[in-house]
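Read the structure below first, then the notes.
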Amino acid sequence: MGLRIAVLVAGIADVKWRAMELGVALDGAAHDPAVARKLSPFDEAAMECALKLRDADASVHLRCIVASDSVDAGLLRSVSAYRPSSLQGVLISQNIFWDAQALAIELAPTTVCESGPADLVLVGREFGDFDDGVFAPSLAQALGHPFVALAQEIRCAGNDLVFVRELSNARECIQTQAPVVASMTNAKSNRLRYPLMKNVMAAKREPAVMSPLAESQQMRTRRAVSVTAVIAKARNDAPCRMVSGTEDEQARAVADFLGRLLNAEV
């Protein structure tokens with residue numbers, strides 16, 4: 001049985017369309033459905049890396065999940081043109097898009113392929129127009145899988161997967177066993193190919209079906225909170241200081257500072 005790959009994309013607002021007023025409705029109302037969306041550079045990187053793995057092994061099962069808060073036939077068909085083994089469009093309340101951890105919990109079950117759980121789950125480093133980079137690691141946590149961040153290339157090495165990414169002065173290779181979740185960043189090596197014209201035409205003839213996401217009991221009991229209702233806690237001014245030590249020691253020091261900051265202790 002070949003590798004099972006799941007790719008999640010959300011798209012971004014097409015810059016060629018008019019600007020719109022952004023907001024979050026507490027009743028979960030969607031934004032203007034006339035605003036077109038397209039694959040982001042990070043969505044494209046995830047798609048291209050998955051396609052390269054399928055090129056190398058015809059037994060690869062490629063599952064694509066398109067998430068949106070409105071029915072977007074263009075976005076769905078742009079993914080369909082690459083002829084994935086399975087494609088699912090899911091409609092999601094706009095409120096949940098603002099909560100990456102909740103969204104990850106809700107979307108985790110969609111990564112399961114017909115023959116079983118995905119061995120490799122790929123997500124752009126930024127999911128949709130929300131550029132905080134939190135969704136991909138939250139999805140790894142929801143699935144209970146290891147996480148590799150900012151990968152640019154993926155190769156198979158026997159039963160293992162090798163992720164390649166660039167650091168400031170070196171290329172790093174991370175070898176790990178499946179299952180694993182990876183966030184993809186764009187690079188020259190993963191520019192998305194153009195689909196075959198016959199596949200584009202076939203995708204246009206297919207119905208654009210996006211079904212509402214079946215929210216869990218946990219999500220149904222979660223209440224949306226307007227960000228305008230959040231009041232910053234007053235805190236005293238604190239002098240700046242340099243954090244020294246090993247990387248682990250610096251990380252612990254920063255985490256401790258942020259924790260005390262949230263509790264208004266600094």
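Residue numbers start at 1 in each chain; chains themselves are named A, B, ... in the order of the structure tokens; ligands are numbered from 1 in the order shown.
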query: Running DSSP on the backbone, which parts of range 34-234 of chain A land in strand (DSSP E or B), as a ChimeraX atom specification?
result: /A:37-38,61-68,86-91,113,116,120-124,127,130,147-151,153-157,160-166,171-177,180-184,210-212
Could you dump the residues just selected with C-alpha atoms as a short mmCIF file (atom, residue, chain, number, x, y, z; two decimals), in the first residue's frame?
```cif
data_model
loop_
_atom_site.label_atom_id
_atom_site.label_comp_id
_atom_site.auth_asym_id
_atom_site.auth_seq_id
_atom_site.Cartn_x
_atom_site.Cartn_y
_atom_site.Cartn_z
CA ARG A 37 -10.10 33.11 -3.31
CA LYS A 38 -7.02 31.44 -4.71
CA HIS A 61 -3.07 8.18 -2.30
CA LEU A 62 -3.46 11.96 -2.42
CA ARG A 63 -6.37 13.41 -0.48
CA CYS A 64 -7.09 17.16 -0.63
CA ILE A 65 -9.30 19.08 1.78
CA VAL A 66 -10.45 22.58 0.82
CA ALA A 67 -11.72 24.59 3.80
CA SER A 68 -13.67 27.81 3.38
CA SER A 86 -10.10 12.15 -3.19
CA LEU A 87 -11.28 15.72 -2.66
CA GLN A 88 -13.46 17.16 0.08
CA GLY A 89 -14.78 20.70 0.39
CA VAL A 90 -15.81 21.73 3.90
CA LEU A 91 -17.78 24.81 4.91
CA CYS A 113 -8.13 8.67 3.73
CA GLY A 116 -6.91 4.69 6.75
CA LEU A 120 1.71 12.57 5.86
CA VAL A 121 -0.38 15.70 6.43
CA LEU A 122 0.76 18.85 4.61
CA VAL A 123 -0.39 22.40 5.35
CA GLY A 124 0.90 25.75 4.17
CA PHE A 127 -3.57 28.73 6.69
CA PHE A 130 -4.68 34.22 9.01
CA PHE A 147 5.53 18.20 13.57
CA VAL A 148 8.08 19.57 11.10
CA ALA A 149 7.94 23.31 10.41
CA LEU A 150 8.85 25.30 7.30
CA ALA A 151 9.76 22.34 5.07
CA GLU A 153 11.17 19.55 0.00
CA ILE A 154 10.10 16.03 0.97
CA ARG A 155 11.67 12.73 -0.04
CA CYS A 156 11.03 9.11 0.85
CA ALA A 157 13.91 7.11 2.34
CA ASP A 160 11.00 7.13 6.52
CA LEU A 161 10.29 10.64 5.26
CA VAL A 162 13.04 13.23 4.81
CA PHE A 163 12.14 16.92 5.08
CA VAL A 164 14.53 19.51 3.70
CA ARG A 165 14.50 23.12 4.81
CA GLU A 166 16.88 26.05 4.58
CA ARG A 171 20.28 23.15 4.53
CA GLU A 172 18.78 20.93 7.20
CA CYS A 173 17.43 17.41 6.61
CA ILE A 174 15.02 15.92 9.12
CA GLN A 175 14.34 12.19 8.83
CA THR A 176 11.37 10.74 10.66
CA GLN A 177 8.84 7.95 10.48
CA VAL A 180 3.85 13.25 10.60
CA VAL A 181 2.43 16.74 10.01
CA ALA A 182 4.50 19.34 8.15
CA SER A 183 4.00 23.01 7.40
CA MET A 184 5.33 24.00 3.98
CA MET A 210 -18.79 21.88 -0.18
CA SER A 211 -20.52 20.37 2.83
CA PRO A 212 -20.84 21.94 6.29
#
```
task: as a PyMOL selection string, list the residues of range 28-158 of chain A assigned to alpha helix (DSSP H) by DSSP on the backbone atoms of this structure.
output: chain A and resi 41-56+73-80+94-97+100-107+135-143
Restrict the selected residues to N, CA and C atoms and save them as a compact mmCIF listing (two decimals), in the first residue's frame.
```
# COMPACT_ATOMS: atom_id res chain seq x y z
N PRO A 41 0.80 31.04 -1.88
CA PRO A 41 2.09 30.42 -2.22
C PRO A 41 2.42 29.22 -1.33
N PHE A 42 1.93 29.24 -0.09
CA PHE A 42 2.22 28.13 0.82
C PHE A 42 1.30 26.93 0.55
N ASP A 43 0.04 27.21 0.18
CA ASP A 43 -0.84 26.13 -0.30
C ASP A 43 -0.20 25.46 -1.51
N GLU A 44 0.30 26.28 -2.45
CA GLU A 44 0.90 25.75 -3.67
C GLU A 44 2.13 24.89 -3.36
N ALA A 45 2.93 25.31 -2.38
CA ALA A 45 4.11 24.53 -2.01
C ALA A 45 3.70 23.17 -1.47
N ALA A 46 2.67 23.14 -0.64
CA ALA A 46 2.20 21.87 -0.10
C ALA A 46 1.68 20.97 -1.21
N MET A 47 0.91 21.54 -2.15
CA MET A 47 0.39 20.76 -3.27
C MET A 47 1.51 20.20 -4.13
N GLU A 48 2.49 21.03 -4.47
CA GLU A 48 3.56 20.58 -5.36
C GLU A 48 4.39 19.48 -4.73
N CYS A 49 4.69 19.59 -3.45
CA CYS A 49 5.47 18.55 -2.79
C CYS A 49 4.69 17.23 -2.75
N ALA A 50 3.39 17.31 -2.55
CA ALA A 50 2.57 16.10 -2.57
C ALA A 50 2.54 15.49 -3.97
N LEU A 51 2.44 16.34 -5.00
CA LEU A 51 2.42 15.85 -6.38
C LEU A 51 3.74 15.19 -6.75
N LYS A 52 4.86 15.73 -6.27
CA LYS A 52 6.16 15.13 -6.56
C LYS A 52 6.26 13.74 -5.93
N LEU A 53 5.72 13.59 -4.73
CA LEU A 53 5.74 12.27 -4.10
C LEU A 53 4.87 11.29 -4.89
N ARG A 54 3.77 11.77 -5.44
CA ARG A 54 2.91 10.91 -6.26
C ARG A 54 3.60 10.58 -7.59
N ASP A 55 4.34 11.53 -8.15
CA ASP A 55 5.09 11.26 -9.37
C ASP A 55 6.08 10.13 -9.17
N ALA A 56 6.72 10.11 -7.99
CA ALA A 56 7.75 9.10 -7.70
C ALA A 56 7.15 7.75 -7.38
N ALA A 73 -16.41 27.77 -5.80
CA ALA A 73 -16.23 26.78 -6.86
C ALA A 73 -14.87 26.91 -7.52
N GLY A 74 -14.37 28.14 -7.68
CA GLY A 74 -13.08 28.35 -8.32
C GLY A 74 -11.94 27.71 -7.55
N LEU A 75 -11.93 27.92 -6.24
CA LEU A 75 -10.87 27.36 -5.41
C LEU A 75 -10.94 25.83 -5.42
N LEU A 76 -12.14 25.31 -5.29
CA LEU A 76 -12.31 23.86 -5.26
C LEU A 76 -11.88 23.23 -6.58
N ARG A 77 -12.26 23.84 -7.69
CA ARG A 77 -11.91 23.27 -8.99
C ARG A 77 -10.44 23.44 -9.33
N SER A 78 -9.80 24.48 -8.79
CA SER A 78 -8.37 24.65 -9.03
C SER A 78 -7.58 23.51 -8.39
N VAL A 79 -8.07 23.00 -7.27
CA VAL A 79 -7.44 21.84 -6.64
C VAL A 79 -7.82 20.56 -7.37
N SER A 80 -9.08 20.46 -7.79
CA SER A 80 -9.55 19.28 -8.50
C SER A 80 -8.79 19.06 -9.80
N GLN A 94 -17.24 31.13 10.12
CA GLN A 94 -16.16 32.12 10.12
C GLN A 94 -15.57 32.30 11.51
N ASN A 95 -16.39 32.11 12.53
CA ASN A 95 -15.88 32.25 13.90
C ASN A 95 -14.73 31.29 14.17
N ILE A 96 -14.85 30.05 13.67
CA ILE A 96 -13.84 29.04 13.98
C ILE A 96 -12.52 29.38 13.31
N PHE A 97 -12.56 30.05 12.17
CA PHE A 97 -11.31 30.41 11.50
C PHE A 97 -10.44 31.30 12.38
N ALA A 100 -7.48 28.99 15.84
CA ALA A 100 -6.69 27.97 15.14
C ALA A 100 -6.74 26.62 15.85
N GLN A 101 -6.70 26.64 17.17
CA GLN A 101 -6.71 25.38 17.90
C GLN A 101 -8.04 24.65 17.73
N ALA A 102 -9.15 25.40 17.81
CA ALA A 102 -10.46 24.79 17.61
C ALA A 102 -10.61 24.29 16.18
N LEU A 103 -10.13 25.08 15.22
CA LEU A 103 -10.22 24.69 13.82
C LEU A 103 -9.44 23.41 13.56
N ALA A 104 -8.27 23.30 14.18
CA ALA A 104 -7.45 22.10 14.01
C ALA A 104 -8.16 20.86 14.55
N ILE A 105 -8.80 21.01 15.70
CA ILE A 105 -9.54 19.89 16.29
C ILE A 105 -10.67 19.45 15.37
N GLU A 106 -11.36 20.43 14.77
CA GLU A 106 -12.50 20.12 13.92
C GLU A 106 -12.07 19.51 12.58
N LEU A 107 -10.93 19.95 12.04
CA LEU A 107 -10.49 19.47 10.74
C LEU A 107 -9.66 18.19 10.80
N PHE A 135 -2.01 27.25 12.93
CA PHE A 135 -2.88 26.13 12.60
C PHE A 135 -2.13 24.82 12.42
N ALA A 136 -1.03 24.82 11.68
CA ALA A 136 -0.32 23.57 11.38
C ALA A 136 0.17 22.85 12.65
N PRO A 137 0.87 23.54 13.57
CA PRO A 137 1.26 22.83 14.80
C PRO A 137 0.07 22.43 15.65
N SER A 138 -1.01 23.22 15.61
CA SER A 138 -2.21 22.83 16.36
C SER A 138 -2.82 21.57 15.78
N LEU A 139 -2.76 21.43 14.45
CA LEU A 139 -3.27 20.21 13.81
C LEU A 139 -2.42 19.00 14.21
N ALA A 140 -1.11 19.18 14.26
CA ALA A 140 -0.24 18.09 14.69
C ALA A 140 -0.58 17.66 16.12
N GLN A 141 -0.84 18.64 16.97
CA GLN A 141 -1.21 18.33 18.35
C GLN A 141 -2.55 17.60 18.39
N ALA A 142 -3.52 18.04 17.58
CA ALA A 142 -4.83 17.40 17.57
C ALA A 142 -4.75 15.96 17.09
N LEU A 143 -3.86 15.70 16.13
CA LEU A 143 -3.70 14.35 15.60
C LEU A 143 -2.76 13.50 16.44
```
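Take the candidates A:Gly11, A:Ala255, A:Asp119, A:Gly128 and check each one against Pro146 in chain A using only C-alpha atoms; the shortest distance goes to A:Asp119.
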